[in-house]
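I have placed the structure first, in the form of structure tokens, so that the comments after it can refer back to it.
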Amino acid sequence: AYVNKYIKCQICNQSMTVVRSFKGKVYLKCFSGDSDHNAFLTKDVVNAYIAHTNPTCPQCRGYIKKCGVSKFGLWVMCENGHYPKADEI
């Protein structure tokens with residue numbers, strides 16, 4: 001809901017949606033008929049989401065505290081040390 005409301009496509013200015021690829025990667029996609037634009041789910045977008053909505057961990061219900069990027073991709077961490085997937089929060 002946060003991404004649909006606040007993140008817009010750079011080409012057609014329509015809402016973007018969080019999508020998971022068949023390889024498990026999470027990205028943003030525009031489903032508008034005018035463009036078929038894809039964008040990376042960045043650390044800035046996830047940190048803005050964390051600050052705005054204060055999400056909880058699906059495993060332990062602790063608050064999500066950090067987001068970062070490693071050589072394996074985007075990661076998020078809760079206050080109890082769990083690493084849920086970005087599209088699970």
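Residue numbering restarts at 1 for every chain of the structure tokens, chains are lettered A, B, ... in their displayed order, and ligands are numbered from 1 as they appear.
If you count only C-alpha atoms and ignore residues fewer than 2 places along the chain from A:Trp75, what sits within 9 Å of it is A:Lys43, A:Lys66, A:Cys67, A:Gly68, A:Val69, A:Ser70, A:Phe72, A:Gly73, A:Met77, A:Tyr83, A:Pro84, A:Lys85, A:Ala86.
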Now that the selection is made, can you save its residues with N, CA and C atoms as a PDB file, in the first residue's frame?
```
ATOM      1  N   LYS A  43      17.370   0.981  -1.157  1.00  0.00           N
ATOM      2  CA  LYS A  43      17.500   1.166   0.290  1.00  0.00           C
ATOM      3  C   LYS A  43      16.731   2.399   0.743  1.00  0.00           C
ATOM      4  N   LYS A  66      16.559  -1.797  10.631  1.00  0.00           N
ATOM      5  CA  LYS A  66      17.571  -1.424   9.647  1.00  0.00           C
ATOM      6  C   LYS A  66      17.258  -1.982   8.276  1.00  0.00           C
ATOM      7  N   CYS A  67      17.824  -1.318   7.296  1.00  0.00           N
ATOM      8  CA  CYS A  67      17.807  -1.787   5.917  1.00  0.00           C
ATOM      9  C   CYS A  67      19.168  -1.475   5.323  1.00  0.00           C
ATOM     10  N   GLY A  68      19.666  -2.356   4.503  1.00  0.00           N
ATOM     11  CA  GLY A  68      20.963  -2.126   3.887  1.00  0.00           C
ATOM     12  C   GLY A  68      21.101  -2.901   2.597  1.00  0.00           C
ATOM     13  N   VAL A  69      22.268  -2.761   1.979  1.00  0.00           N
ATOM     14  CA  VAL A  69      22.572  -3.456   0.734  1.00  0.00           C
ATOM     15  C   VAL A  69      23.885  -4.196   0.920  1.00  0.00           C
ATOM     16  N   SER A  70      23.898  -5.458   0.528  1.00  0.00           N
ATOM     17  CA  SER A  70      25.128  -6.254   0.556  1.00  0.00           C
ATOM     18  C   SER A  70      25.382  -6.775  -0.853  1.00  0.00           C
ATOM     19  N   PHE A  72      24.758  -9.565  -1.842  1.00  0.00           N
ATOM     20  CA  PHE A  72      23.660 -10.470  -2.168  1.00  0.00           C
ATOM     21  C   PHE A  72      22.350  -9.738  -2.409  1.00  0.00           C
ATOM     22  N   GLY A  73      22.311  -8.431  -2.208  1.00  0.00           N
ATOM     23  CA  GLY A  73      21.108  -7.649  -2.441  1.00  0.00           C
ATOM     24  C   GLY A  73      20.631  -6.914  -1.204  1.00  0.00           C
ATOM     25  N   MET A  77      16.482  -5.844   8.772  1.00  0.00           N
ATOM     26  CA  MET A  77      16.733  -6.522  10.040  1.00  0.00           C
ATOM     27  C   MET A  77      15.790  -5.986  11.114  1.00  0.00           C
ATOM     28  N   TYR A  83      16.147 -11.569   9.851  1.00  0.00           N
ATOM     29  CA  TYR A  83      16.279 -10.939   8.541  1.00  0.00           C
ATOM     30  C   TYR A  83      15.117 -11.362   7.651  1.00  0.00           C
ATOM     31  N   PRO A  84      13.953 -10.722   7.764  1.00  0.00           N
ATOM     32  CA  PRO A  84      12.835 -11.076   6.871  1.00  0.00           C
ATOM     33  C   PRO A  84      13.101 -10.547   5.460  1.00  0.00           C
ATOM     34  N   LYS A  85      12.427 -11.115   4.498  1.00  0.00           N
ATOM     35  CA  LYS A  85      12.552 -10.647   3.123  1.00  0.00           C
ATOM     36  C   LYS A  85      11.856  -9.293   2.979  1.00  0.00           C
ATOM     37  N   ALA A  86      12.310  -8.509   2.014  1.00  0.00           N
ATOM     38  CA  ALA A  86      11.795  -7.146   1.870  1.00  0.00           C
ATOM     39  C   ALA A  86      10.304  -7.118   1.556  1.00  0.00           C
TER      40      ALA A  86
END
```
Q: Using DSSP on the backbone coordinates, identify the residues of chain A assigned to alpha helix (DSSP H); present them as a VMD selection string.
A: chain A and resid 2 to 6 43 to 53
**Q.** Residue among A:Ile11, A:Val18, A:Cys60, A:Cys30 lying closest to A:Thr42, counting only C-alpha atoms
**A.**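 Of the candidates, the smallest distance to A:Thr42 is held by A:Val18.
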**Q.** Who sits within 10 Å of A:Ile89, only C-alpha atoms, same chain under 2 positions skipped, as an NGL selection string
**A.** :A and (46 or 49-50 or 54-58 or 64 or 76 or 84-87)
Q) Hey, what's within 10 Å of A:Tyr27 if we count only C-alpha atoms and toss same-chain stuff fewer than 3 positions away? As a count of residues only, please? A) 14
Q: Apply DSSP to the backbone of this structure and, from chain A, keep only the residues in strand (DSSP E); write these as a list in words.
A: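 Answer for chain A restricted to strand (DSSP E) is Met16, Thr17, Val18, Val19, Arg20, Val26, Tyr27, Leu28, Lys29, Cys30, Asn38, Ala39, Phe40, Ile64, Lys65, Lys66, Cys67, Gly68, Val69, Ser70, Gly73, Leu74, Trp75, Val76, Met77 and Cys78 of chain A.
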Q: Could you check which of A:Asn47, A:Asn13, A:Asn80, A:Thr53 is closest to A:Asp34, using only C-alpha atoms?
A: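 For A:Asp34, the nearest of the given residues is A:Asn13.
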